[in-house]
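Quick notes on the structure that follows.
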Amino acid sequence: MTNIIPRGGLVKPARYHPALVALHWFLAAFIPLALALGMFVLKTIPNDSPQKLEALRAHMIGGGVILTLMLVRLTLRLASARPVAATTGSPLLDRIARISHVAFYGLVFVMVGTGLATAVLADLPAIVFGGSGAALPASFGVFPTRVIHGVVAKVLVTLIAVHVLAALYHHFIRRDGLLRRMWFGRRWRSTERKYA
């Protein structure tokens, strides 16, 4: 697929597709909320508390929403024209930026996968959604998938912080308009191509 329309037409867009922009900002708010629910709320509620079921239900539904929207986002990203790659002025930092963007997708999918695996191992669908009345395990830490889920959550929080710092660097230090690419507005700029 080419992003260039020949002969005096349009070149790569100046901005991402509006649906990608909407998904980016929704997920930019929703993923940290799901992480905070898991790290600060679920962790503090004892497993024998009735409130734990409600918190788990919200966390599990949130994970399902995140998975669905990330799959839509990935599909749309692969199918739509994108702006040219942004640069920091450093080939090393540019490479790290590309790797970190791929890592976002990978880490989110690992988070959802380990969360789902933990839910299945602990029989959470029947307990949380099916009303089976069975007790929650005394600790989810007995499941290796839960341990991985917790470690990946911390890595994802770190990557989000680095991502925010990089965006602020582009906006306030480089002043290169990078954030405009991930906002709503005119996507395409007309150009006149010169032919020899």
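Residue numbering restarts at 1 for every chain of the structure tokens, chains are lettered A, B, ... in their displayed order, and ligands are numbered from 1 as they appear.
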
Selection: 10 Å around Val128 (chain A), only C-alpha atoms, excl. self and same-chain fewer than 2 positions, as a ChimeraX atom specification: /A:52-58,60,119,123-126,130-134,136

Show me, as JSON lines, the residues of region 89-168 of chain A having an atom within 10 Å of region 174-177 of chain A, each with the closest atom pair and its distance in Å, using only C-alpha atoms.
```
{"residue": "A:Gly89", "atom": "CA", "partner": "A:Arg174", "partner_atom": "CA", "distance": 9.3}
{"residue": "A:Ala167", "atom": "CA", "partner": "A:Gly177", "partner_atom": "CA", "distance": 9.9}
{"residue": "A:Leu168", "atom": "CA", "partner": "A:Arg174", "partner_atom": "CA", "distance": 9.1}
```

Near region 13-27 of chain A, 9 Å: region 66-154 of chain A residue rows, closest pairs, only C-alpha atoms, as CSV:
```
residue,atom,partner,partner_atom,distance
A:Ile66,CA,A:Leu27,CA,7.2
A:Leu69,CA,A:Leu23,CA,7.1
A:Met70,CA,A:Leu23,CA,8.2
A:Val72,CA,A:Leu23,CA,8.7
A:Arg73,CA,A:Leu20,CA,6.2
A:Leu74,CA,A:Leu20,CA,9.0
A:Leu76,CA,A:Leu20,CA,7.0
A:Arg77,CA,A:Leu20,CA,7.0
A:Ser80,CA,A:His17,CA,6.9
A:Ala81,CA,A:Pro13,CA,6.8
A:Arg82,CA,A:Tyr16,CA,5.7
A:Pro83,CA,A:Pro13,CA,5.0
A:Val84,CA,A:Pro13,CA,7.8
```

Inset, instruction - Determine which residues of region 1-137 of chain A receive a DSSP assignment of alpha helix (DSSP H), computed from the backbone, and state them as a PyMOL selection string. - result: chain A and resi 18-36+50-79+91-121+124

Q.
Set the distance at 12 Å and use only C-alpha atoms: which residues neighbour Pro144 (chain A) once local chain neighbours fewer than 5 positions away are removed? I'd like the list as a list in words.
A. Thr114, Gly115, Ala117, Thr118, Ala119, Leu121, Ala122, Ser139, His149, Gly150 and Val151 of chain A

Could you save the residues just selected, with N, CA and C atoms, as a compact mmCIF listing (two decimals), in the first residue's frame?
```txt
# COMPACT_ATOMS: atom_id res chain seq x y z
N THR A 114 -2.31 -12.20 30.19
CA THR A 114 -2.03 -12.74 31.53
C THR A 114 -3.20 -12.52 32.48
N GLY A 115 -3.91 -11.42 32.28
CA GLY A 115 -5.12 -11.20 33.09
C GLY A 115 -6.18 -12.25 32.78
N ALA A 117 -5.64 -15.23 31.46
CA ALA A 117 -5.16 -16.54 31.93
C ALA A 117 -5.34 -16.68 33.44
N THR A 118 -5.05 -15.62 34.18
CA THR A 118 -5.25 -15.66 35.63
C THR A 118 -6.73 -15.86 35.97
N ALA A 119 -7.59 -15.15 35.23
CA ALA A 119 -9.03 -15.28 35.47
C ALA A 119 -9.49 -16.72 35.24
N LEU A 121 -7.59 -19.50 35.34
CA LEU A 121 -7.00 -20.38 36.36
C LEU A 121 -7.72 -20.25 37.71
N ALA A 122 -8.18 -19.05 38.03
CA ALA A 122 -8.84 -18.81 39.32
C ALA A 122 -10.36 -19.00 39.23
N SER A 139 -5.03 -15.88 47.65
CA SER A 139 -4.09 -14.96 47.01
C SER A 139 -4.01 -15.31 45.52
N HIS A 149 1.61 -10.64 35.20
CA HIS A 149 0.67 -9.52 35.03
C HIS A 149 1.15 -8.30 35.84
N GLY A 150 1.56 -8.54 37.07
CA GLY A 150 2.03 -7.46 37.93
C GLY A 150 3.33 -6.84 37.44
N VAL A 151 4.27 -7.68 37.00
CA VAL A 151 5.56 -7.17 36.51
C VAL A 151 5.34 -6.36 35.23
```

Looking at only C-alpha atoms, which of A:Val120, A:Ile45, A:Phe104, A:Phe129 is the one that sits closest to Val157 (chain A)?
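Of the candidates, the smallest distance to Val157 (chain A) is held by A:Phe104.
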
So, with only C-alpha atoms as the atoms that count, which of A:Ala85, A:Leu159, A:Val110, A:Val142 lies closest to Arg98 (chain A)?
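Among the listed residues, A:Ala85 lies closest to Arg98 (chain A).
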
Do you know which residues are at most 9 Å from Ala153 (chain A) counting only C-alpha atoms, after dropping those on the same chain fewer than 6 positions away, and could you put them as a compact mmCIF listing (two decimals) with N, CA and C atoms, in the first residue's frame?
```
# COMPACT_ATOMS: atom_id res chain seq x y z
N LEU A 35 -4.83 0.38 35.02
CA LEU A 35 -3.62 0.07 35.78
C LEU A 35 -3.77 0.54 37.23
N GLY A 38 -6.03 -1.75 39.19
CA GLY A 38 -5.34 -2.98 39.58
C GLY A 38 -4.29 -2.77 40.64
N MET A 39 -3.48 -1.71 40.50
CA MET A 39 -2.33 -1.51 41.38
C MET A 39 -2.70 -0.90 42.73
N LEU A 107 3.02 -5.01 25.17
CA LEU A 107 2.78 -5.03 26.62
C LEU A 107 1.29 -5.04 26.95
N VAL A 108 0.51 -4.26 26.22
CA VAL A 108 -0.93 -4.25 26.49
C VAL A 108 -1.53 -5.62 26.20
N MET A 111 -0.54 -7.90 28.96
CA MET A 111 -1.35 -7.60 30.15
C MET A 111 -2.71 -8.27 30.05
```

Q.
Measuring between only C-alpha atoms, which one of A:Phe140, A:Thr87, A:Phe109, A:Val164 shows the shortest distance to Val152 (chain A)?
A.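 Under the stated criterion, the closest residue is A:Phe109.
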